[in-house]
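**Student:** So here's structure_11.cif, just mmCIF, C-alpha atoms and all ligand atoms:
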data_input
loop_
_atom_site.label_atom_id
_atom_site.label_comp_id
_atom_site.auth_asym_id
_atom_site.auth_seq_id
_atom_site.Cartn_x
_atom_site.Cartn_y
_atom_site.Cartn_z
CA MET A 29 5.12 14.18 -8.70
CA ASN A 30 4.28 10.94 -6.99
CA PRO A 31 1.89 10.61 -4.02
CA TYR A 32 4.09 8.01 -2.30
CA LEU A 33 7.49 9.68 -2.74
CA ASP A 34 8.20 12.85 -0.76
CA ASP A 35 11.08 15.25 -1.46
CA GLU A 36 13.55 13.19 0.60
CA LEU A 37 12.74 9.98 -1.23
CA GLN A 38 12.95 11.78 -4.59
CA ALA A 39 16.36 13.15 -3.60
CA LEU A 40 17.49 9.67 -2.53
CA ALA A 41 16.37 8.30 -5.89
CA GLY A 42 18.43 10.94 -7.70
CA HIS A 43 21.48 10.17 -5.58
CA VAL A 44 21.22 6.42 -6.26
CA ARG A 45 20.60 6.99 -9.96
CA ARG A 46 23.83 8.96 -10.28
CA PHE A 47 25.75 6.13 -8.59
CA ALA A 48 24.00 3.48 -10.69
CA THR A 49 24.65 5.35 -13.93
CA GLU A 50 28.34 5.90 -13.19
CA ARG A 51 29.26 2.70 -11.35
CA VAL A 52 26.69 -0.05 -12.11
CA ALA A 53 25.54 0.50 -15.69
CA PRO A 54 28.97 0.33 -17.38
CA GLY A 55 29.56 -3.31 -16.34
CA PHE A 56 26.02 -4.54 -17.05
CA GLN A 57 26.87 -6.69 -20.07
CA GLU A 58 30.33 -7.69 -18.90
CA ARG A 59 28.98 -9.17 -15.65
CA ASP A 60 26.44 -11.17 -17.67
CA ARG A 61 29.21 -12.47 -19.94
CA THR A 62 31.63 -13.39 -17.13
CA ARG A 63 28.91 -14.40 -14.63
CA THR A 64 30.53 -12.39 -11.84
CA LEU A 65 28.67 -10.42 -9.23
CA ASP A 66 31.39 -7.83 -8.41
CA ARG A 67 31.56 -7.79 -4.65
CA ALA A 68 33.49 -4.50 -4.75
CA LEU A 69 30.31 -2.81 -6.02
CA ALA A 70 28.41 -4.38 -3.12
CA ARG A 71 30.89 -2.82 -0.68
CA GLU A 72 30.49 0.56 -2.41
CA MET A 73 26.71 0.29 -2.04
CA GLY A 74 27.19 -0.66 1.58
CA THR A 75 29.38 2.36 2.25
CA LEU A 76 26.77 4.63 0.65
CA GLY A 77 23.96 3.14 2.79
CA PHE A 78 22.14 1.57 -0.15
CA ILE A 79 21.78 -1.89 1.39
CA ALA A 80 18.74 -2.58 3.62
CA PRO A 81 18.40 1.08 4.75
CA GLU A 82 15.06 0.16 6.32
CA LEU A 83 16.69 -1.98 9.03
CA PRO A 84 16.08 -0.37 12.44
CA GLU A 85 18.94 1.63 13.95
CA SER A 86 18.97 -0.80 16.88
CA PHE A 87 20.28 -3.41 14.41
CA GLY A 88 22.75 -1.08 12.74
CA GLY A 89 20.44 0.14 9.98
CA GLN A 90 19.19 3.63 9.17
CA GLY A 91 15.54 3.03 10.12
CA LEU A 92 14.31 4.49 6.81
CA PRO A 93 10.87 3.59 5.45
CA SER A 94 10.51 0.54 3.21
CA LEU A 95 9.79 3.01 0.41
CA ALA A 96 13.45 4.08 0.63
CA ALA A 97 14.48 0.49 -0.06
CA GLY A 98 11.98 0.58 -2.92
CA VAL A 99 13.53 3.57 -4.69
CA ILE A 100 17.04 2.14 -4.22
CA HIS A 101 15.94 -1.19 -5.70
CA GLU A 102 14.44 0.65 -8.67
CA GLU A 103 17.55 2.64 -9.44
CA ILE A 104 20.04 -0.22 -9.10
CA ALA A 105 17.81 -2.59 -11.08
CA ARG A 106 17.39 0.02 -13.80
CA ALA A 107 21.14 -0.27 -14.36
CA ASP A 108 21.48 -4.04 -13.72
CA LEU A 109 18.66 -6.28 -12.49
CA SER A 110 20.99 -9.13 -11.66
CA LEU A 111 23.24 -6.95 -9.49
CA SER A 112 20.23 -5.55 -7.64
CA TYR A 113 19.78 -9.02 -6.16
CA ILE A 114 22.36 -7.84 -3.62
CA ASN A 115 19.82 -5.29 -2.37
CA LEU A 116 16.91 -7.71 -2.60
CA LEU A 117 18.53 -10.57 -0.67
CA ALA A 118 19.79 -8.13 1.96
CA SER A 119 16.39 -6.51 2.53
CA LEU A 120 14.58 -9.85 2.68
CA ASN A 121 17.11 -11.58 4.91
CA ALA A 122 17.87 -8.60 7.15
CA GLN A 123 14.19 -8.47 8.03
CA ILE A 124 14.13 -12.20 8.76
CA LEU A 125 17.35 -12.20 10.80
CA SER A 126 16.48 -9.12 12.86
CA ALA A 127 12.94 -10.35 13.62
CA HIS A 128 13.68 -14.01 14.33
CA GLY A 129 17.39 -14.50 15.07
CA GLU A 130 19.39 -14.75 18.28
CA PRO A 131 20.83 -11.19 18.55
CA ALA A 132 24.36 -12.34 19.40
CA VAL A 133 24.42 -14.55 16.30
CA VAL A 134 22.69 -12.31 13.77
CA ARG A 135 24.13 -8.89 14.67
CA PRO A 136 27.58 -9.55 13.16
CA TRP A 137 25.95 -10.98 10.02
CA LEU A 138 23.65 -7.96 9.71
CA ALA A 139 26.62 -5.60 10.04
CA ARG A 140 28.47 -7.42 7.25
CA MET A 141 25.38 -7.57 5.04
CA LEU A 142 24.73 -3.84 5.37
CA ALA A 143 28.37 -3.11 4.62
CA GLY A 144 28.14 -5.18 1.43
CA GLU A 145 30.68 -7.63 2.79
CA ALA A 146 28.41 -10.63 3.26
CA LEU A 147 25.83 -12.05 0.89
CA VAL A 148 23.07 -14.16 2.45
CA ALA A 149 20.90 -16.37 0.22
CA ILE A 150 17.55 -17.96 1.00
CA ALA A 151 16.85 -21.66 0.39
CA LEU A 152 13.32 -22.98 0.25
CA THR A 153 12.99 -24.78 -3.09
CA GLU A 154 13.87 -28.48 -3.37
CA PRO A 155 14.23 -30.81 -6.36
CA ARG A 156 10.73 -32.18 -5.61
CA GLY A 157 9.22 -28.72 -6.22
CA GLY A 158 8.92 -25.12 -5.14
CA SER A 159 5.26 -24.10 -5.38
CA ASP A 160 4.11 -26.53 -2.68
CA ALA A 161 6.76 -24.99 -0.44
CA ALA A 162 5.39 -26.25 2.89
CA ASN A 163 5.84 -29.81 1.67
CA LEU A 164 9.64 -29.58 1.88
CA ARG A 165 11.74 -32.63 2.74
CA LEU A 166 15.24 -31.42 3.71
CA ARG A 167 15.84 -33.19 7.02
CA VAL A 168 16.87 -31.21 10.12
CA GLU A 169 17.45 -33.11 13.40
CA ARG A 170 18.37 -31.80 16.81
CA ALA A 171 21.55 -33.36 18.26
CA GLY A 172 22.49 -31.76 21.57
CA GLY A 173 23.59 -28.18 20.97
CA HIS A 174 23.38 -28.55 17.20
CA TYR A 175 21.00 -29.17 14.33
CA VAL A 176 22.16 -31.70 11.71
CA ILE A 177 21.02 -31.11 8.11
CA ASN A 178 20.76 -33.70 5.32
CA GLY A 179 19.28 -33.25 1.86
CA GLU A 180 19.27 -30.85 -1.09
CA LYS A 181 18.02 -27.39 -1.95
CA THR A 182 17.91 -26.32 -5.57
CA SER A 183 17.35 -23.27 -7.80
CA ILE A 184 18.80 -21.02 -5.11
CA SER A 185 19.89 -17.53 -6.22
CA ALA A 186 23.55 -16.83 -5.42
CA ALA A 187 23.93 -20.44 -4.20
CA ASP A 188 27.64 -20.61 -4.98
CA GLN A 189 28.44 -17.01 -4.00
CA ALA A 190 26.60 -16.63 -0.68
CA ASP A 191 28.44 -16.46 2.63
CA ALA A 192 25.45 -17.82 4.52
CA VAL A 193 22.00 -19.17 3.67
CA VAL A 194 18.64 -19.01 5.42
CA VAL A 195 17.60 -22.66 5.12
CA PHE A 196 14.14 -24.12 5.72
CA GLY A 197 14.08 -27.80 6.74
CA ARG A 198 11.77 -30.36 8.26
CA THR A 199 12.04 -30.96 11.99
CA GLY A 200 8.51 -32.41 12.30
CA THR A 201 7.06 -35.62 10.91
CA PRO A 202 6.81 -36.00 7.11
CA GLU A 203 3.08 -35.22 7.41
CA SER A 204 3.53 -32.09 9.56
CA GLY A 205 3.31 -29.71 6.56
CA ALA A 206 3.82 -26.02 7.35
CA HIS A 207 3.84 -26.79 11.09
CA GLY A 208 6.97 -28.95 11.11
CA VAL A 209 9.43 -26.60 9.41
CA THR A 210 12.38 -24.91 11.12
CA ALA A 211 14.52 -22.10 9.66
CA LEU A 212 18.27 -21.89 10.29
CA LEU A 213 21.03 -19.45 9.41
CA VAL A 214 23.72 -21.65 7.86
CA PRO A 215 27.22 -20.27 7.11
CA THR A 216 28.33 -21.77 3.79
CA ASP A 217 31.82 -22.72 5.00
CA LEU A 218 30.50 -25.47 7.30
CA PRO A 219 31.84 -29.00 6.65
CA GLY A 220 29.48 -31.21 4.64
CA LEU A 221 27.96 -28.34 2.61
CA THR A 222 28.75 -28.37 -1.11
CA ARG A 223 27.35 -26.22 -3.92
CA SER A 224 26.83 -26.16 -7.66
CA ARG A 225 25.99 -23.46 -10.19
CA PHE A 226 23.59 -23.68 -13.13
CA ASP A 227 24.07 -22.20 -16.60
CA CYS A 228 21.12 -19.78 -16.45
CA HIS A 229 19.18 -18.09 -19.26
CA GLY A 230 19.37 -14.70 -17.47
CA GLN A 231 20.38 -13.10 -14.16
CA ARG A 232 23.77 -14.58 -14.85
CA ALA A 233 25.78 -12.29 -12.57
CA ILE A 234 23.96 -13.55 -9.48
CA GLY A 235 23.37 -17.07 -10.82
CA ARG A 236 21.45 -19.98 -9.32
CA GLY A 237 22.48 -23.36 -8.10
CA SER A 238 22.02 -26.25 -5.68
CA LEU A 239 23.12 -26.78 -2.09
CA PHE A 240 23.93 -30.31 -0.91
CA PHE A 241 23.88 -31.02 2.84
CA GLU A 242 25.60 -34.09 4.24
CA ASN A 243 25.51 -34.16 8.04
CA VAL A 244 26.01 -30.39 8.22
CA ARG A 245 26.10 -29.40 11.90
CA VAL A 246 24.69 -25.95 12.72
CA PRO A 247 24.80 -24.53 16.27
CA ALA A 248 21.29 -24.50 17.77
CA ASP A 249 21.50 -20.75 18.42
CA HIS A 250 21.48 -20.23 14.62
CA ARG A 251 17.77 -21.13 14.55
CA LEU A 252 15.45 -18.39 13.23
CA GLY A 253 12.11 -18.32 15.00
CA ALA A 254 10.74 -21.19 17.05
CA GLU A 255 11.30 -24.85 16.22
CA ASN A 256 8.63 -26.12 13.78
CA LYS A 257 7.41 -22.55 13.28
CA GLY A 258 9.86 -21.49 10.59
CA PHE A 259 7.36 -21.59 7.78
CA VAL A 260 4.59 -19.76 9.57
CA GLN A 261 6.78 -17.07 11.19
CA VAL A 262 9.62 -16.49 8.74
CA MET A 263 7.65 -16.59 5.47
CA GLN A 264 6.01 -13.25 6.34
CA GLY A 265 9.11 -11.53 4.97
CA PHE A 266 8.16 -12.47 1.43
CA ASP A 267 5.48 -9.77 1.24
CA PHE A 268 8.33 -7.25 1.37
CA SER A 269 10.44 -8.90 -1.32
CA ARG A 270 7.42 -9.29 -3.63
CA ALA A 271 6.78 -5.54 -3.67
CA LEU A 272 10.51 -4.87 -4.13
CA ILE A 273 10.71 -7.32 -7.04
CA GLY A 274 7.80 -5.48 -8.65
CA LEU A 275 9.72 -2.21 -8.50
CA GLN A 276 12.93 -3.82 -9.74
CA VAL A 277 11.41 -5.34 -12.87
CA LEU A 278 9.29 -2.27 -13.67
CA ALA A 279 12.42 -0.12 -13.50
CA VAL A 280 14.05 -2.35 -16.12
CA ALA A 281 10.98 -2.01 -18.33
CA ARG A 282 10.89 1.77 -17.80
CA ALA A 283 14.53 2.08 -18.89
CA ALA A 284 13.82 0.00 -22.00
CA LEU A 285 10.68 1.99 -22.82
CA ASP A 286 12.38 5.38 -22.41
CA GLU A 287 15.13 4.26 -24.78
CA THR A 288 12.52 2.98 -27.22
CA TRP A 289 10.51 6.21 -27.28
CA SER A 290 13.72 7.99 -28.15
CA TYR A 291 14.62 5.41 -30.82
CA VAL A 292 11.25 5.48 -32.59
CA THR A 293 11.36 9.26 -32.66
CA GLN A 294 14.69 9.23 -34.50
CA ARG A 295 14.61 6.20 -36.76
CA GLU A 296 12.71 6.59 -40.00
CA ALA A 297 10.86 4.25 -42.36
CA PHE A 298 8.79 5.20 -45.39
CA GLY A 299 9.99 8.78 -44.97
CA GLN A 300 8.67 9.26 -41.43
CA PRO A 301 9.81 8.62 -37.87
CA LEU A 302 8.67 5.19 -36.67
CA ALA A 303 6.64 6.95 -33.94
CA ALA A 304 4.35 8.33 -36.63
CA PHE A 305 2.98 4.82 -37.24
CA GLN A 306 0.29 3.98 -34.73
CA GLY A 307 1.24 0.32 -35.04
CA VAL A 308 4.51 1.33 -33.38
CA SER A 309 3.48 4.05 -30.95
CA HIS A 310 0.16 2.70 -29.60
CA PRO A 311 1.57 -0.54 -28.16
CA LEU A 312 4.28 1.56 -26.46
CA ALA A 313 1.64 3.98 -25.15
CA ALA A 314 -0.36 1.06 -23.75
CA PHE A 315 2.69 -0.38 -21.96
CA ASP A 316 3.62 3.08 -20.66
CA THR A 317 0.14 3.37 -19.09
CA GLN A 318 0.38 -0.04 -17.45
CA LEU A 319 3.92 0.54 -16.15
CA GLU A 320 2.76 3.69 -14.38
CA ALA A 321 -0.20 1.87 -12.81
CA ALA A 322 1.83 -1.16 -11.72
CA ARG A 323 4.51 1.04 -10.15
CA LEU A 324 1.86 2.81 -8.08
CA LEU A 325 0.59 -0.56 -6.87
CA CYS A 326 4.09 -1.59 -5.74
CA LEU A 327 4.70 1.72 -3.98
CA GLN A 328 1.31 1.36 -2.31
CA ALA A 329 2.25 -2.09 -0.98
CA LEU A 330 5.38 -0.61 0.63
CA TRP A 331 3.39 2.37 1.92
CA LEU A 332 0.99 -0.08 3.61
CA LYS A 333 3.94 -2.02 5.06
CA ASP A 334 5.41 1.20 6.46
CA ARG A 335 2.15 1.79 8.31
CA GLY A 336 1.92 -1.74 9.66
CA LEU A 337 -1.17 -2.43 7.54
CA PRO A 338 -1.95 -5.75 5.82
CA HIS A 339 -0.45 -5.93 2.34
CA SER A 340 -0.08 -9.64 1.47
CA ALA A 341 -2.64 -9.47 -1.36
CA GLU A 342 -1.14 -6.24 -2.75
CA ALA A 343 2.37 -7.75 -2.62
CA ALA A 344 1.15 -10.85 -4.47
CA MET A 345 -0.47 -8.59 -7.10
CA CYS A 346 2.89 -6.84 -7.58
CA LYS A 347 4.71 -10.16 -7.87
CA TRP A 348 2.56 -11.72 -10.60
CA TRP A 349 1.68 -8.60 -12.60
CA ALA A 350 4.91 -6.62 -12.67
CA PRO A 351 7.27 -9.37 -13.96
CA LYS A 352 4.84 -10.35 -16.72
CA LEU A 353 4.18 -6.73 -17.67
CA ALA A 354 7.88 -5.87 -17.60
CA TYR A 355 8.71 -8.87 -19.79
CA ASP A 356 5.97 -8.04 -22.30
CA THR A 357 7.06 -4.38 -22.37
CA VAL A 358 10.70 -5.18 -23.05
CA HIS A 359 9.63 -7.73 -25.67
CA GLN A 360 7.74 -4.96 -27.48
CA CYS A 361 10.70 -2.57 -27.06
CA LEU A 362 13.04 -5.15 -28.56
CA LEU A 363 10.74 -5.61 -31.56
CA SER A 364 10.53 -1.84 -32.03
CA HIS A 365 14.33 -1.82 -32.40
CA GLY A 366 14.14 -4.29 -35.30
CA HIS A 367 17.12 -6.55 -35.88
CA GLY A 368 19.31 -4.35 -33.66
CA GLY A 369 17.22 -5.26 -30.61
CA TYR A 370 17.81 -8.95 -31.26
CA ASP A 371 21.59 -8.57 -31.35
CA ARG A 372 23.52 -9.28 -28.15
CA GLY A 373 22.99 -6.09 -26.16
CA PRO A 374 20.97 -4.43 -23.41
CA MET A 375 17.50 -5.24 -24.81
CA GLU A 376 17.95 -8.97 -25.17
CA GLN A 377 19.79 -9.15 -21.83
CA ARG A 378 16.96 -7.33 -20.08
CA LEU A 379 14.50 -9.80 -21.56
CA ARG A 380 16.57 -12.76 -20.34
CA ASP A 381 17.06 -11.22 -16.89
CA LEU A 382 13.34 -10.48 -16.47
CA LEU A 383 12.02 -13.92 -17.35
CA GLY A 384 13.33 -15.54 -14.16
CA PHE A 385 11.15 -13.32 -12.00
CA GLN A 386 8.00 -14.86 -13.51
CA ILE A 387 9.08 -17.99 -11.62
CA GLY A 388 11.43 -17.03 -8.76
CA ASP A 389 9.81 -16.07 -5.44
CA GLY A 390 6.58 -17.78 -6.53
CA THR A 391 4.82 -18.13 -9.87
CA GLU A 392 1.83 -16.22 -11.21
CA GLN A 393 -0.51 -19.09 -10.28
CA ILE A 394 0.68 -19.17 -6.66
CA MET A 395 0.39 -15.37 -6.35
CA LYS A 396 -3.16 -15.48 -7.70
CA THR A 397 -3.99 -18.18 -5.16
CA ILE A 398 -2.78 -15.85 -2.38
CA ILE A 399 -4.97 -13.04 -3.74
CA ALA A 400 -7.98 -15.33 -4.15
CA ARG A 401 -7.56 -16.62 -0.58
CA SER A 402 -7.47 -13.09 0.76
CA ARG A 403 -10.75 -12.34 -1.00
CA ALA A 404 -12.66 -15.63 -0.80
CA GLY A 405 -11.07 -17.26 2.25
CA ARG A 406 -8.72 -20.20 2.64
CA HIS A 407 -11.54 -22.75 2.74
CA ALA A 408 -12.85 -21.62 -0.64
CA VAL A 409 -9.34 -21.67 -2.16
CA PRO A 410 -7.51 -24.58 -0.49
CA ALA A 411 -4.55 -24.84 -2.93
C1 LIG B 1 15.41 -16.84 -11.36
C2 LIG B 1 14.99 -17.72 -10.22
C3 LIG B 1 15.47 -17.47 -8.95
C4 LIG B 1 15.10 -18.30 -7.89
N1 LIG B 1 15.64 -18.05 -6.64
C5 LIG B 1 15.29 -18.86 -5.61
C6 LIG B 1 15.87 -18.67 -4.32
O1 LIG B 1 16.72 -17.79 -4.12
N2 LIG B 1 15.49 -19.49 -3.31
C7 LIG B 1 14.57 -20.49 -3.49
O2 LIG B 1 14.26 -21.18 -2.53
N3 LIG B 1 14.02 -20.72 -4.72
C8 LIG B 1 14.36 -19.92 -5.77
N4 LIG B 1 13.83 -20.15 -7.02
C9 LIG B 1 12.89 -21.26 -7.21
C10 LIG B 1 11.45 -20.79 -7.32
O3 LIG B 1 10.99 -20.24 -6.11
C11 LIG B 1 10.60 -21.98 -7.80
O4 LIG B 1 11.06 -22.33 -9.09
C12 LIG B 1 9.13 -21.65 -7.84
O5 LIG B 1 8.61 -21.51 -6.54
C13 LIG B 1 8.31 -22.73 -8.59
O6 LIG B 1 8.66 -24.01 -8.16
P1 LIG B 1 9.05 -25.12 -9.26
O7 LIG B 1 10.02 -24.54 -10.19
O8 LIG B 1 9.44 -26.35 -8.54
O9 LIG B 1 7.73 -25.37 -10.08
P2 LIG B 1 6.54 -26.32 -9.66
O10 LIG B 1 6.17 -26.11 -8.27
O11 LIG B 1 6.87 -27.71 -10.09
O12 LIG B 1 5.39 -25.75 -10.61
C14 LIG B 1 5.45 -25.93 -12.05
C15 LIG B 1 4.29 -25.16 -12.67
O13 LIG B 1 3.05 -25.61 -12.14
C16 LIG B 1 2.32 -24.52 -11.58
N5 LIG B 1 1.62 -24.93 -10.37
C17 LIG B 1 2.10 -25.61 -9.30
N6 LIG B 1 1.16 -25.76 -8.36
C18 LIG B 1 0.05 -25.15 -8.85
C19 LIG B 1 -1.27 -24.94 -8.33
N7 LIG B 1 -1.65 -25.37 -7.13
N8 LIG B 1 -2.17 -24.27 -9.12
C20 LIG B 1 -1.80 -23.80 -10.32
N9 LIG B 1 -0.56 -23.95 -10.85
C21 LIG B 1 0.34 -24.62 -10.11
C22 LIG B 1 3.38 -23.47 -11.26
O14 LIG B 1 2.82 -22.17 -11.20
C23 LIG B 1 4.36 -23.66 -12.38
O15 LIG B 1 3.94 -22.94 -13.50
C24 LIG B 1 14.21 -19.37 -8.10
C25 LIG B 1 13.72 -19.63 -9.40
C26 LIG B 1 14.12 -18.82 -10.45
C27 LIG B 1 13.62 -19.14 -11.83
#
Can I see the file as structure tokens?
**Tutor:**
Amino acid sequence: MNPYLDDELQALAGHVRRFATERVAPGFQERDRTRTLDRALAREMGTLGFIAPELPESFGGQGLPSLAAGVIHEEIARADLSLSYINLLASLNAQILSAHGEPAVVRPWLARMLAGEALVAIALTEPRGGSDAANLRLRVERAGGHYVINGEKTSISAADQADAVVVFGRTGTPESGAHGVTALLVPTDLPGLTRSRFDCHGQRAIGRGSLFFENVRVPADHRLGAENKGFVQVMQGFDFSRALIGLQVLAVARAALDETWSYVTQREAFGQPLAAFQGVSHPLAAFDTQLEAARLLCLQALWLKDRGLPHSAEAAMCKWWAPKLAYDTVHQCLLSHGHGGYDRGPMEQRLRDLLGFQIGDGTEQIMKTIIARSRAGRHAVPA
């Protein structure tokens, strides 16, 4: 029983888990080794309605609650966190495109995203830094019916695999801060746009990389939101992705912990199952308690979103707590497996995959600043 998940959502979770177990889990390690995302699996998820199901029917979605996206993210991530980026990027960007895009431009992209045929990345971070996001430098200038982009974005998930990117650039003066930023939908096949890929510690199927813009001309109707208002309007979408990330990483930790309970029940030392030693079972019991609590917090954030209620602080709580808790849990699970946990395999891969989410989409310090501002006010917590 779960107060946030009714019978329909529980049934959806079961349906997605069967798919994830049969289709996603078997290639988990292979995709990490070969660094391939497997776009065929994305199309299968699209056919089954697992991508951005919360998008309103008027935009081609199913109009399901955000909680439905939450349970799908959990089940796909449980099988492969890196692959579940397909769901995450789609939910984040579908919300941005449908709320702020020119319908004639974004509708075909939304249709392809929901079908699993198009992958859309999001590019905010620059070589100068990511935490002070409003201080971005990528230059965007209006030239007749186009915007011309020059500069670099870096550390972008799926940079070299995306078909389009939501790009934030500066249209205002260098001092204009958050009020001089414009967001654009940029197809990645435009002339002047080149890409690189990093050799990442984890999340290797999706990967990260840089985008280099040299006089890239984007039609003006590809703007998202008003000119100079991109940061203020479009950034709202991140509350959604922060709660979803919480559920994704907790699902990975839950899978690891379930396996570990089973392992410590069977493996013996000193003539007893490992679980008999409180030094083994109590740390696992403590993590189990915290996983349950953190999951409820994430579901609550989505529940608030579904009711149109404020949830920025709750989403920030999910984003700093869940990735750290999930990492610490899997670390403990790996240790409980002894040398076998350290070998190349699911445990060490989970640990590598999880670490990135303590940084990506905003660090712990930035999330705590958001929470502190919501409690004490922006004047008391300026940065
Ligand atoms: C796996 C992964 C995926 C990512 N995907 C994307 C993506 O798809 N799109 C995208 O745009 N970016 C992406 N990023 C980049 C990410 O958003 C940034 O790395 C992040 O915002 C931090 O920026 P930074 O790395 O430049 O660190 P910095 O901003 O240089 O910060 C370095 C350290 O200083 C701390 N710090 C900075 N300012 C303060 C402050 N005021 N108070 C206290 N501490 C502070 C930070 O918390 C951090 O620990 C991804 C990163 C990772 C690791």
**Student:** Please extract the residues at most 10 Å from ligand LIG 1 (chain B), counting all atoms listed in the file, and provide them as a PyMOL selection string, using the chain letters and residue numbers of this document.
**Tutor:** chain A and resi 110+113+117+148-161+181-187+193-196+228-232+234-238+380-397+409-411
**Student:** Take the selection from the previous step and output its residues with C-alpha atoms, as a compact mmCIF listing (two decimals), in the frame of the given file.
**Tutor:**
# COMPACT_ATOMS: atom_id res chain seq x y z
CA SER A 110 20.99 -9.13 -11.66
CA TYR A 113 19.78 -9.02 -6.16
CA LEU A 117 18.53 -10.57 -0.67
CA VAL A 148 23.07 -14.16 2.45
CA ALA A 149 20.90 -16.37 0.22
CA ILE A 150 17.55 -17.96 1.00
CA ALA A 151 16.85 -21.66 0.39
CA LEU A 152 13.32 -22.98 0.25
CA THR A 153 12.99 -24.78 -3.09
CA GLU A 154 13.87 -28.48 -3.37
CA PRO A 155 14.23 -30.81 -6.36
CA ARG A 156 10.73 -32.18 -5.61
CA GLY A 157 9.22 -28.72 -6.22
CA GLY A 158 8.92 -25.12 -5.14
CA SER A 159 5.26 -24.10 -5.38
CA ASP A 160 4.11 -26.53 -2.68
CA ALA A 161 6.76 -24.99 -0.44
CA LYS A 181 18.02 -27.39 -1.95
CA THR A 182 17.91 -26.32 -5.57
CA SER A 183 17.35 -23.27 -7.80
CA ILE A 184 18.80 -21.02 -5.11
CA SER A 185 19.89 -17.53 -6.22
CA ALA A 186 23.55 -16.83 -5.42
CA ALA A 187 23.93 -20.44 -4.20
CA VAL A 193 22.00 -19.17 3.67
CA VAL A 194 18.64 -19.01 5.42
CA VAL A 195 17.60 -22.66 5.12
CA PHE A 196 14.14 -24.12 5.72
CA CYS A 228 21.12 -19.78 -16.45
CA HIS A 229 19.18 -18.09 -19.26
CA GLY A 230 19.37 -14.70 -17.47
CA GLN A 231 20.38 -13.10 -14.16
CA ARG A 232 23.77 -14.58 -14.85
CA ILE A 234 23.96 -13.55 -9.48
CA GLY A 235 23.37 -17.07 -10.82
CA ARG A 236 21.45 -19.98 -9.32
CA GLY A 237 22.48 -23.36 -8.10
CA SER A 238 22.02 -26.25 -5.68
CA ARG A 380 16.57 -12.76 -20.34
CA ASP A 381 17.06 -11.22 -16.89
CA LEU A 382 13.34 -10.48 -16.47
CA LEU A 383 12.02 -13.92 -17.35
CA GLY A 384 13.33 -15.54 -14.16
CA PHE A 385 11.15 -13.32 -12.00
CA GLN A 386 8.00 -14.86 -13.51
CA ILE A 387 9.08 -17.99 -11.62
CA GLY A 388 11.43 -17.03 -8.76
CA ASP A 389 9.81 -16.07 -5.44
CA GLY A 390 6.58 -17.78 -6.53
CA THR A 391 4.82 -18.13 -9.87
CA GLU A 392 1.83 -16.22 -11.21
CA GLN A 393 -0.51 -19.09 -10.28
CA ILE A 394 0.68 -19.17 -6.66
CA MET A 395 0.39 -15.37 -6.35
CA LYS A 396 -3.16 -15.48 -7.70
CA THR A 397 -3.99 -18.18 -5.16
CA VAL A 409 -9.34 -21.67 -2.16
CA PRO A 410 -7.51 -24.58 -0.49
CA ALA A 411 -4.55 -24.84 -2.93
**Student:** At what distance in Å, to one decimal, does CA of Leu83 in chain A lie from CA of Ile398 in chain A?
**Tutor:**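 Result for CA of Ile398 in chain A versus CA of Leu83 in chain A: 26.5 Å, one decimal.
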**Student:** Kindly indicate which residue among A:Gly173, A:Pro374, A:Pro338, A:Pro215 lies nearest to Leu362 in chain A, using all atoms listed in the file for the distances.
**Tutor:**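 The closest residue to Leu362 in chain A is A:Pro374.
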**Student:** Leaving out Val176 in chain A and any residue of its chain fewer than 2 positions from it, which residues lie within 9 Å of it when counting all atoms listed in the file, given as a list in words?
**Tutor:**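 Close residues of Val176 in chain A: Arg167, Val168, Glu169, Arg170, Ala171, His174, Asn178, Glu242, Asn243, Val244, Arg245, Val246 and Pro247 of chain A.
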**Student:** Compare A:Ser94, A:Gly366, A:Leu379, A:Ala408 by their minimum atom-to-atom distance to Ala297 in chain A, counting only C-alpha atoms, and give me the closest one.
**Tutor:** A:Gly366
**Student:** Figure out the distance between CA of Leu95 in chain A and CA of Asp334 in chain A, please, to one decimal in Å.
**Tutor:**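 Pair CA of Asp334 in chain A / CA of Leu95 in chain A returns 7.7 Å.
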**Student:** So what do you get for CA of Thr317 in chain A versus CA of His101 in chain A, distance-wise?
**Tutor:**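 So the two atoms, CA of Thr317 in chain A and CA of His101 in chain A, lie 21.2 Å apart.
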